[in-house]
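Okay, structure first, notes after.
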Amino acid sequence: MTFPTQRPVPGLVPESEPVKVSVDNNRCHIYGICQQEAPEVFRISESGALHYTGNVPANLAAAARQAVRCCPMQAIAISGGASPAAARHPHRSRRSRRSRNRTARLHDYRRIVVAGGGLAGLSAASRLRERGFDGELVVVGEETRPPYSRPPLSKQFLAGELGGEDLTFRAEGSLDAHWLLGSHLIGLDTERRTLKLRGDERLSYDGLVIATGVDARRLPETPVVSDRIRTVRTLADAAVVRKAIQAARAQHVVILGGGFVGCELACTARDQGMDVTLVVHSAPLLRRVLGSKLGAVVGRIQARAGVDVRLSTRITEWTDSGSGLRLRLDDGEVVNADFVVLGLGSVPRTEWLHGSGLDIADGVLCAATCHAVDLTGRPLPEVVAAGDVARWPNVRFDSTPRRVEHLIHAVEMGQHAADALLHGPAQAAEFTPVPRFWSEQHGTRLQAVGMPGLGERIEIVEGSLRSECFVATYHRDTARGAQTVAAVAFDMPRQLLDYRDRIGHFGQFGHFSRTGGTDSLVGALTARAGRR
């Protein structure tokens, strides 16, 4: 079978000036995201070192900037040139006909509101300016600070390696936007095109991007009222947990949940010298994300690092003694802990959309173009959704609407939603990304492309499970034949790059030779390589 050579990424807005890039070796974890975004600029060598071109020509500047946006560690800095969001309107007027004519539907929108101050909202706002939208742009955010990277909250921030300001996204230039931070949305009237804010305020819009994200999932019933039970979703949440971890009296933490957040919290707590009990309702760890076979590997890594992993276990009784928590497990054992962190997943922030006429069962339902769908099944031309809150059919795989909660996905869907809003449902392209995510488990780097949860069979195509250094591909049977739905690598970030463009295609594939990469790149950064 054959595969397309073009990478399945959203269209980037070309830049007219060269830029310079640099990489902070102390932050870089060699996840390889930068090479996925700009292979002509970044490359991971056979030895595991990252090489990059410091002086990037104009024709590659847009790809380099996308790599900066997608870097989970904000390890890449870009300078020179001008971000297209700022360059499009350095001296613009509010109703510049020349700018508006660049995109078919720009004349319809005098004011576009982005509901959500996170990464997806920032990405959408930046793309609107890049595409020439010169009207009023309003960003409404619940938190009081600018958008920041959330993945490091459970790792580098809790460990004290990064501060709050280190997490702020820095890839974009000036958006010339009104930022309504610290504002709480309580309603939406799609007929009158009006947002309702706390305090009986109203904010009208011509176009709307819904990007309110998700909230941390709580227990169905509060077991006990205690400040010793915490979640980690926002920077403020993480700051409270970090203070508890650093407290001299905090020696034992119980983490409830076996997903990525729970597993990464266990890593951080162990690195800080704490005793950790990881309580998981199901088995094995990361089963819903990676499947049982690879989840068992993660379980071995956690246990070897000293984490007390309790699979298929529930907490049946919670007591706050004043000096700690007393937890009774369903097998009768009592565990004493200084505090508990909940890592039970997330729920979409759609409570403010009740009564809006949108379909908000498990997120905002969208058409394949990212346009929000009302309860009659009609896409709304003036409303799109992006990021963790959006549920849409990725026709690369099938027609089932799903939500995807990853940093790179928020970047790409924010960009696509902005494009779709400007073009309208009839002309907008379908959003068909290859989801990508990563984690780190006690020094072992995990990277994934595609949707492993859709897989019915797993094939180890490079390395071995025993060595905990391998690439696994995930496949399922469909009416059109076997479909490759994902690939996951443990400590093989460079090798995983070969599998990305095959995701969603039909027909089995196993090990194949690599095309290598560009060896003429200059400016090498030797970073942490191999197993750590």
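Identifiers in the structure tokens: chain A, B, ... in order shown; residue index from 1 per chain; ligand index from 1 in order shown.
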Contact check, segment 428-466 of chain A to segment 402-412 of chain A, at most 10 Å, counting only C-alpha atoms, closest pairs as CSV:
```
residue,atom,partner,partner_atom,distance
A:Phe431,CA,A:Glu412,CA,9.1
A:Pro433,CA,A:Glu412,CA,7.9
A:Val434,CA,A:His409,CA,8.5
A:Pro435,CA,A:His409,CA,6.1
A:Arg436,CA,A:Ile408,CA,6.6
A:Phe437,CA,A:His406,CA,6.0
A:Trp438,CA,A:His406,CA,8.8
A:Met451,CA,A:Val404,CA,9.1
```
Just-selected residues, all heavy atoms written as a short mmCIF file (atom, residue, chain, number, x, y, z; two decimals), in the first residue's frame:
```cif
data_model
loop_
_atom_site.label_atom_id
_atom_site.label_comp_id
_atom_site.auth_asym_id
_atom_site.auth_seq_id
_atom_site.Cartn_x
_atom_site.Cartn_y
_atom_site.Cartn_z
N PHE A 431 -11.93 18.85 10.05
CA PHE A 431 -10.77 18.81 10.94
C PHE A 431 -10.40 17.35 11.17
O PHE A 431 -11.13 16.60 11.82
CB PHE A 431 -11.11 19.50 12.25
CG PHE A 431 -9.97 19.56 13.23
CD1 PHE A 431 -8.72 20.01 12.85
CD2 PHE A 431 -10.16 19.17 14.56
CE1 PHE A 431 -7.67 20.07 13.75
CE2 PHE A 431 -9.12 19.24 15.47
CZ PHE A 431 -7.88 19.69 15.07
N PRO A 433 -7.17 15.73 12.37
CA PRO A 433 -5.80 15.67 12.87
C PRO A 433 -5.39 14.27 13.28
O PRO A 433 -6.22 13.37 13.42
CB PRO A 433 -5.86 16.58 14.10
CG PRO A 433 -7.24 16.33 14.63
CD PRO A 433 -8.11 16.22 13.39
N VAL A 434 -4.10 14.08 13.47
CA VAL A 434 -3.56 12.91 14.16
C VAL A 434 -3.24 13.35 15.58
O VAL A 434 -2.27 14.07 15.80
CB VAL A 434 -2.29 12.38 13.46
CG1 VAL A 434 -1.67 11.25 14.29
CG2 VAL A 434 -2.60 11.88 12.07
N PRO A 435 -4.07 12.96 16.56
CA PRO A 435 -3.79 13.39 17.94
C PRO A 435 -2.42 12.90 18.40
O PRO A 435 -1.96 11.81 18.01
CB PRO A 435 -4.91 12.70 18.75
CG PRO A 435 -6.01 12.50 17.76
CD PRO A 435 -5.31 12.20 16.46
N ARG A 436 -1.76 13.72 19.21
CA ARG A 436 -0.44 13.37 19.73
C ARG A 436 -0.35 13.77 21.20
O ARG A 436 -0.83 14.83 21.59
CB ARG A 436 0.66 14.10 18.94
CG ARG A 436 0.83 13.57 17.52
CD ARG A 436 1.63 14.53 16.68
NE ARG A 436 0.84 15.70 16.32
CZ ARG A 436 1.36 16.89 16.05
NH1 ARG A 436 2.66 17.07 16.14
NH2 ARG A 436 0.59 17.89 15.71
N PHE A 437 0.26 12.91 21.99
CA PHE A 437 0.43 13.24 23.41
C PHE A 437 1.66 12.52 23.94
O PHE A 437 2.26 11.69 23.26
CB PHE A 437 -0.83 12.86 24.21
CG PHE A 437 -1.24 11.41 24.12
CD1 PHE A 437 -0.82 10.50 25.07
CD2 PHE A 437 -2.07 10.98 23.10
CE1 PHE A 437 -1.22 9.17 24.99
CE2 PHE A 437 -2.47 9.65 23.01
CZ PHE A 437 -2.04 8.74 23.97
N TRP A 438 2.02 12.82 25.15
CA TRP A 438 3.26 12.33 25.73
C TRP A 438 3.11 12.26 27.25
O TRP A 438 2.19 12.82 27.84
CB TRP A 438 4.42 13.27 25.39
CG TRP A 438 4.23 14.60 26.03
CD1 TRP A 438 4.67 15.02 27.26
CD2 TRP A 438 3.45 15.69 25.52
NE1 TRP A 438 4.22 16.28 27.52
CE2 TRP A 438 3.47 16.71 26.47
CE3 TRP A 438 2.74 15.89 24.32
CZ2 TRP A 438 2.81 17.93 26.27
CZ3 TRP A 438 2.08 17.09 24.13
CH2 TRP A 438 2.13 18.09 25.10
N MET A 451 -5.03 7.41 18.18
CA MET A 451 -5.99 7.17 19.25
C MET A 451 -5.88 5.71 19.70
O MET A 451 -6.62 4.83 19.21
CB MET A 451 -7.41 7.50 18.79
CG MET A 451 -7.56 8.95 18.32
SD MET A 451 -9.25 9.46 17.97
CE MET A 451 -9.94 9.52 19.62
#
```
TODO: Might you pull out every residue within 9 Å of Ser282 of chain A, with only C-alpha atoms counted and same-chain residues fewer than 5 positions away left off, and present them as a PyMOL selection string?
DONE: chain A and resi 257-258+287+311-313
Could you write those residues out with all heavy atoms, as a CSV table (one decimal), in the first residue's frame?
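Output (part_25.csv):
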```csv
chain,number,residue,atom,x,y,z
A,257,GLY,N,-6.5,7.6,41.2
A,257,GLY,CA,-6.7,7.6,39.8
A,257,GLY,C,-5.4,7.1,39.1
A,257,GLY,O,-4.3,7.5,39.4
A,258,GLY,N,-5.7,6.3,38.1
A,258,GLY,CA,-4.5,5.6,37.4
A,258,GLY,C,-4.4,6.1,35.9
A,258,GLY,O,-3.8,5.4,35.1
A,287,ARG,N,-5.0,1.9,31.5
A,287,ARG,CA,-5.7,0.9,30.6
A,287,ARG,C,-6.5,1.6,29.6
A,287,ARG,O,-6.5,1.2,28.4
A,287,ARG,CB,-6.5,0.0,31.5
A,287,ARG,CG,-7.3,-1.0,30.7
A,287,ARG,CD,-8.1,-1.9,31.6
A,287,ARG,NE,-9.1,-1.1,32.4
A,287,ARG,CZ,-10.3,-0.7,31.9
A,287,ARG,NH1,-10.7,-1.0,30.7
A,287,ARG,NH2,-11.1,0.0,32.7
A,311,LEU,N,-4.3,-1.8,42.6
A,311,LEU,CA,-5.2,-1.9,41.5
A,311,LEU,C,-6.5,-2.5,41.9
A,311,LEU,O,-6.6,-3.2,42.9
A,311,LEU,CB,-4.6,-2.7,40.4
A,311,LEU,CG,-3.2,-2.3,39.8
A,311,LEU,CD1,-2.7,-3.3,38.8
A,311,LEU,CD2,-3.4,-0.9,39.1
A,312,SER,N,-7.6,-2.1,41.2
A,312,SER,CA,-8.9,-2.7,41.5
A,312,SER,C,-9.3,-2.4,42.9
A,312,SER,O,-9.8,-3.3,43.6
A,312,SER,CB,-9.0,-4.1,41.1
A,312,SER,OG,-8.7,-4.3,39.7
A,313,THR,N,-9.0,-1.2,43.4
A,313,THR,CA,-9.2,-0.9,44.8
A,313,THR,C,-10.0,0.4,44.9
A,313,THR,O,-9.8,1.3,44.1
A,313,THR,CB,-7.8,-0.7,45.5
A,313,THR,OG1,-7.1,-1.9,45.4
A,313,THR,CG2,-8.0,-0.4,47.0
```
TODO: Could you give me, as an NGL selection string, the residues within 6 Å of segment 117-124 of chain A, counting only C-alpha atoms and dropping anything in the same chain fewer than 2 positions from it?
DONE: :A and (114 or 126-127 or 140-141 or 147 or 211 or 387 or 410-411 or 414-415 or 418)
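For the residues A:Thr444, A:Ser464, A:Ser439, A:Thr190, ranking by smallest atom-to-atom distance to Val383 of chain A using only C-alpha atoms places A:Thr190 first.
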Task: Counting only C-alpha atoms, the residue of A:Arg192, A:Arg233, A:Arg391, A:His416 that sits nearest Val13 of chain A - done: A:His416
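The space separating atom CA of Gln441 of chain A from atom CA of Gly163 of chain A comes to 21.3 Å.
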- [ ] Identify, on the basis of only C-alpha atoms, every residue whose closest approach to Pro14 of chain A does not exceed 12 Å; exclude the query and any residue fewer than 2 positions from it along the same chain; express the result as JSON, numbers by chain.
- [x] {"A": [11, 12, 16, 17, 18, 57, 58, 59, 60, 61, 62, 63, 64, 65, 66, 81, 82, 83, 84, 85, 87, 88, 127, 130, 131]}
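Atom CA of Leu421 of chain A is positioned 11.4 Å from atom CA of Val113 of chain A.
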Non-local contacts of Leu290 of chain A (9 Å; only C-alpha atoms; under 3 positions in same chain excluded) as a PDB file with C-alpha atoms, in the first residue's frame:
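Ended up saving to out-v9.pdb:
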```pdb
ATOM      1  CA  LEU A 285      -2.589   1.673  35.008  1.00  0.00           C
ATOM      2  CA  LEU A 286      -3.432   3.767  31.915  1.00  0.00           C
ATOM      3  CA  ARG A 287      -5.652   0.945  30.641  1.00  0.00           C
ATOM      4  CA  LYS A 293      -0.464  -4.751  27.716  1.00  0.00           C
ATOM      5  CA  LEU A 294       1.284  -1.379  27.794  1.00  0.00           C
ATOM      6  CA  GLY A 295      -0.505  -0.365  30.991  1.00  0.00           C
ATOM      7  CA  PRO A 452      -4.767   4.020  21.061  1.00  0.00           C
ATOM      8  CA  GLY A 453      -8.149   3.616  22.762  1.00  0.00           C
ATOM      9  CA  VAL A 488       3.024   4.422  21.018  1.00  0.00           C
TER      10      VAL A 488
END
```
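Interatomic distance, atom CA of Tyr109 of chain A against atom CA of Asp206 of chain A: 5.2 Å.
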- [ ] Tell me which protein, DNA and RNA residues are within 6 Å of Cys370 of chain A, counting only C-alpha atoms, leaving out same-chain ones fewer than 2 positions away, and put them as an MDAnalysis selection string.
- [x] chainID A and resid 366:368 384:385 417
Selection export as a short mmCIF file (atom, residue, chain, number, x, y, z; two decimals), in the first residue's frame, atoms kept: N, CA, C and O atoms:
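As written to disk, selection-v6.cif reads:
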```
data_model
loop_
_atom_site.label_atom_id
_atom_site.label_comp_id
_atom_site.auth_asym_id
_atom_site.auth_seq_id
_atom_site.Cartn_x
_atom_site.Cartn_y
_atom_site.Cartn_z
N CYS A 366 -19.92 19.15 17.79
CA CYS A 366 -19.58 19.92 16.61
C CYS A 366 -19.69 19.05 15.37
O CYS A 366 -19.58 17.82 15.42
N ALA A 367 -19.89 19.71 14.24
CA ALA A 367 -19.76 19.04 12.95
C ALA A 367 -18.28 18.79 12.69
O ALA A 367 -17.40 19.25 13.44
N ALA A 368 -17.98 18.08 11.63
CA ALA A 368 -16.58 17.76 11.31
C ALA A 368 -15.75 19.00 11.05
O ALA A 368 -14.52 18.95 11.12
N VAL A 384 -18.25 28.22 16.70
CA VAL A 384 -17.36 27.06 16.59
C VAL A 384 -16.86 26.72 17.99
O VAL A 384 -16.98 27.51 18.93
N ALA A 385 -16.31 25.53 18.14
CA ALA A 385 -15.74 25.12 19.43
C ALA A 385 -14.38 24.49 19.18
O ALA A 385 -14.11 23.95 18.10
N ALA A 417 -10.63 25.87 14.08
CA ALA A 417 -11.92 26.47 14.41
C ALA A 417 -11.98 27.91 13.93
O ALA A 417 -13.02 28.37 13.44
#
```
TODO: as a VMD selection string, list the residues of segment 212-373 of chain A assigned to helix (DSSP H, G or I) by DSSP on the backbone atoms of this structure.
DONE: chain A and resid 235 to 246 260 to 271 287 to 290 292 to 304 351 to 353
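Comparing the minimum interatomic distances between Leu496 of chain A and each of A:Pro401, A:Gly32, A:Pro393, A:Pro348, counting only C-alpha atoms, we find that A:Gly32 sits nearest.
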Open item on the list: Which residue is closest to Arg198 of chain A? Choose from A:Ser183, A:Asn336, A:Thr473, A:Ser79 and count only C-alpha atoms.
Closed with: A:Ser183
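In terms of minimum interatomic distance to Val41 of chain A, A:Val68 ranks closest within A:Ala448, A:Val68, A:Leu375, A:Val334, counting only C-alpha atoms.
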Task: Distance criterion (only C-alpha atoms): nearest to Phe506 of chain A out of A:Phe133, A:Phe397, A:Phe470, A:Trp179 - done: A:Phe397
Task: Residue set, segment 230-436 of chain A restricted to strand (DSSP E), as JSON, numbers by chain - done: {"A": [230, 231, 252, 253, 254, 255, 256, 275, 276, 277, 278, 279, 308, 309, 310, 315, 316, 317, 318, 319, 320, 325, 326, 327, 328, 329, 334, 335, 336, 337, 339, 340, 341, 342, 346, 347, 348, 364, 365, 371, 372, 373, 379, 380, 381, 382, 383, 384, 385, 390, 391, 392, 393, 401, 402, 436]}
Open item on the list: Taking 3 positions as the minimum chain separation for residues in the same chain, which residues sit within 10 Å of Gln35 of chain A when counting only C-alpha atoms? Answer as number ranges by chain.
Closed with: A: 30-32, 38-44, 50-52, 63-64, 67, 493-494, 497, 517
